[in-house]
Every structure is written in structure tokens, then in C-alpha cells.
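Asks: My structure is below; once you've seen it, I'll send some questions.
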Amino acid sequence: MKVAVVTGGAGAIGTAICTQLVARGYYVLAVDVDIAGLERLPAGVTGVLTDLSAPDFYQHVLTAVDDAGGSCDLLVNNAGIVTVGSIELADPAVIRREQLINLHAPILLTHALLPLLRQSRGQIISVASLASMLPLAESPVYCASKAGLRAFMLSMSLWEKETGVRISLVHPGAVDTPMLRHEATHGGSALNFLSEPLKPETIANAVVANLDRPRLEKCVPRHDGWLVKIVGITPGVLQHIRPLLERAAQSGLQKYPRRNGITLGSP
């Protein structure tokens with residue numbers, strides 16, 4: 001049986017990924033700090049309770065992999081957190097934690113598991129974000145961490161011939177998760193609502209599709225990906241068109257909390 005490690009496995013997207021991988025015959029190690037969420041995962045998933053911001057978190061993952069037979073065929077770097085607001089008002093400890101979870105953890109886990117992934121000629125799939133290519137004023141630390149993750153994965157892809165380990169990136173737009181609900185009610189970017197937020201299962205589908213047809217990068221939805229790439233060619237243009245994009249997104253931003261029964265300032 002193939003073994004997969006999925007970070008953020010107890011979250012909305014992580015749960016969908018774990019469920020689909022079990023259906024594909026994988027034995028899944030779901031890494032998360034959420035005890036209750038790990039306990040809700042389906043049969044075929046073993047929870048690995050650890051904090052990705054801890055210095056030695058990957059040792060707990062390696063122990064779990066060893067207990068599962070000592071092999072690893074797939075690493076899915078899915079965990080991510082976001083804080084919104086002005087960088088000058090942010091708590092340095094919160095900034096550090098966001099970078100540790102979103103960027104440092106995938107790098108350290110790749111380093112730790114790469115020998116096993118080389119043996120199995122396995123695969124690493126990272127869930128980054130369209131924000132890795134389209135900066136958002138309201139979440140600069142998140143954008144920086146996801147841009148760093150994208151650069152790391154693209155660098156790893158240059159070693160595919162030597163390692164035999166396939167590299168893939170999935171870039172979601174806004175996804176209907178507790179994280180997005182927090183952003184919607186606590187000052188997150190209106191640009192998240194240019195399109196209808198996606199379901200977690202849609203992102204899981206994009207991740208698992210790489211098992212059959214690996215792609216270096218996939219943007220979900222595709223049309224948002226093209227917009228982001230066009231803007232990325234000339235980043236200075238964003239300063240001029242941002243007000244237009246935000247006005248276009250206001251309708252979606254206003255509808256989203258009402259549709260989900262949440263109010264401004266709610267958890």
C-alpha cells in the first residue's frame with residue numbers, strides 16, 4: 001500500500017484530500033494540530049498530532065512514517081494560515097508563525113522525506129495560492145510565504161531528472177473554508193471574491209489529478225489564473241487597476257457573509 005503524508009489534513013481542504021487519497025488506495029498520515037479534526041477523519045487515515053511551527057515537528061512525521069512501514073510515496077504540503085491587516089500593526093510572533101507554517105514547514109518536510117520519496121520515485125504536491133503571483137495588500141505575509149513556496153517548488157522541479165520525484169503545484173483562488181470566512185469578516189482582500197469561492201473538494205480534485213497526469217502548475221479556477229499571470233507580467237499595473245478590481249469584487253464580498261450566515265467580526 002502506498003503511503004501519503006498530508007499536512008493540514010484536518011482542515012477543510014485537507015480532509016477532502018485525505019478522503020480522496022484513501023479512495024485511491026493510499027494509507028494517509030494526516031499532519032495537524034487539531035485533535036478533534038484528526039479524530040473526524042475517515043478510516044485509512046492516521047492522525048499525526050504536531051505543530052508545524054515547532055522546530056522538530058518533522059521528527060514526529062518521520063516517526064509516523066517509520067511506524068507505517070518506513071516508506072513514503074507522496075507528500076502533500078497543504079497546511080496554511082493567513083493573517084490580515086497592516087504589517088506595522090502585526091505581532092512579530094504571529095508573522096513568524098505564518099512563515100513557519102506556510103513556507104518553512106514544507107521546506108523542512110521535503111528535506112526530511114526526500115530520501116524516501118527518491119526510493120519510491122514518488123511525488124510532492126504543494127497547495128500554494130494565486131496569491132503567490134498576485135500580491136494582496138491586506139495579507140502581505142501570506143503572499144510572501146506562498147510566493148516563497150512557489151519558488152521553492154519550482155526550484156525542486158529542476159532536480160526531477162536526478163531525484164525521480166515529481167513536483168506539482170496547485171494554486172487555488174478563494175476557497176470556502178473557515179480561513180476565508182475569517183478574511184471576509186476581518187478585513188481580508190475584496191479580490192478574494194472576484195469569482196465565486198470554490199468548494200474544498202474542487203481543490204482536492206486538482207491535487208489528486210496530479211497522480212495520473214502530473215502538471216508543474218495548475219491554477220484553479222483557470223480563468224483567474226490567466227488574469228493573475230497577465231498582471232504578473234507588469235506588476236506595477238496592479239496599483240492602477242486594483243480599485244477597479246475591488247469594485248468588481250464588492251458584490252461577491254457582500255453576498256458571501258450573508259449566504260453563510262456570518263456577520264462582521266464573528267469568529
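Residue numbering restarts at 1 in every chain; chains get A, B, ... in the order shown in the C-alpha cells, and ligands count up from 1 in that same order.
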Please identify all polymer residues within 8 Å of range 42-45 of chain A, counting only C-alpha atoms, omitting same-chain residues fewer than 6 positions from it, and present them as a PyMOL selection string.
Replies: chain A and resi 18-19+22+26-30
Asks: Take the residues just selected and output them with N, CA and C atoms as a short mmCIF file (atom, residue, chain, number, x, y, z; two decimals), in the first residue's frame.
Replies:
data_model
loop_
_atom_site.label_atom_id
_atom_site.label_comp_id
_atom_site.auth_asym_id
_atom_site.auth_seq_id
_atom_site.Cartn_x
_atom_site.Cartn_y
_atom_site.Cartn_z
N CYS A 18 -7.43 13.94 1.94
CA CYS A 18 -7.24 12.65 2.61
C CYS A 18 -8.30 11.64 2.18
N THR A 19 -9.55 12.08 2.11
CA THR A 19 -10.66 11.20 1.73
C THR A 19 -10.45 10.65 0.32
N VAL A 22 -7.50 8.08 0.25
CA VAL A 22 -7.92 6.78 0.78
C VAL A 22 -8.69 6.00 -0.28
N TYR A 26 -4.45 4.77 -0.90
CA TYR A 26 -3.32 5.23 -0.08
C TYR A 26 -3.61 5.04 1.40
N TYR A 27 -2.55 4.76 2.14
CA TYR A 27 -2.59 4.87 3.59
C TYR A 27 -2.10 6.28 3.92
N VAL A 28 -2.93 7.08 4.57
CA VAL A 28 -2.66 8.51 4.71
C VAL A 28 -2.27 8.86 6.13
N LEU A 29 -1.19 9.62 6.25
CA LEU A 29 -0.79 10.21 7.51
C LEU A 29 -1.16 11.69 7.46
N ALA A 30 -2.15 12.07 8.24
CA ALA A 30 -2.64 13.45 8.24
C ALA A 30 -1.99 14.22 9.37
#
Asks: Find the spatial neighbours of Val127 in chain A, counting only C-alpha atoms, within a cut-off of 8 Å - ignore same-chain residues fewer than 3 positions away - and output them as a list in words.
Replies: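 Once the adjacent positions are removed, what remains is Val76, Asn77, Asn78, Ala79, Leu169, Val170, His171, Pro172 and Val207 of chain A.
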Asks: I need the residues of range 171-237 of chain A that end up classed as strand (DSSP E or B) by DSSP on the backbone, written out as a list of chain:residue names.
Replies: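 Everything in range 171-237 of chain A that counts as strand (DSSP E or B) is A:His171, A:Pro172, A:Val175, A:Leu198, A:Glu217, A:Lys218, A:Cys219, A:Val220.
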Asks: A:Met153, A:Tyr58, A:Ile87, A:Glu196: which is nearest Glu217 in chain A, counting only C-alpha atoms?
Replies: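 Distance minimum relative to Glu217 in chain A lands on A:Met153.
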Asks: Mind giving me the straight-line distance from CA of Val65 in chain A to CA of Arg118 in chain A in Å, one decimal?
Replies: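 Computing the Euclidean distance for CA of Val65 in chain A and CA of Arg118 in chain A yields 14.7 Å.
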Asks: May I ask for the distance between CA of Ile233 in chain A and CA of Gly187 in chain A, given in Å to one decimal place?
Replies: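 Interatomic distance here is 27.4 Å.
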Asks: Using only C-alpha atoms, which protein or nucleic acid residues come within 6 Å of range 38-41 of chain A? Drop anything in the same chain fewer than 3 positions from it, and give the result as a ChimeraX atom specification.
Replies: /A:10,35,47
Asks: Keeping only all heavy atoms, take the residues you just selected and write them out as a compact mmCIF listing (two decimals), in the first residue's frame.
Replies:
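That gives us part16.txt:
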# COMPACT_ATOMS: atom_id res chain seq x y z
N ALA A 10 -6.50 17.94 8.76
CA ALA A 10 -7.78 18.03 9.45
C ALA A 10 -8.62 19.21 8.99
O ALA A 10 -9.77 19.34 9.41
CB ALA A 10 -7.56 18.12 10.97
N ILE A 35 -6.75 18.29 17.20
CA ILE A 35 -7.04 16.93 17.67
C ILE A 35 -8.43 16.49 17.22
O ILE A 35 -8.62 15.39 16.68
CB ILE A 35 -6.95 16.85 19.21
CG1 ILE A 35 -5.53 17.19 19.67
CG2 ILE A 35 -7.33 15.45 19.68
CD1 ILE A 35 -5.39 17.22 21.18
N GLY A 47 -3.89 10.05 12.20
CA GLY A 47 -3.53 11.41 12.57
C GLY A 47 -2.14 11.49 13.15
O GLY A 47 -1.72 10.62 13.93
Asks: List the spatial neighbours of range 141-143 of chain A as number ranges by chain - criterion: any atom at most 9 Å away, only C-alpha atoms, same-chain residues fewer than 3 positions off excluded.
Replies: A: 80-84, 87, 95, 98-99, 102, 129-137, 146-148
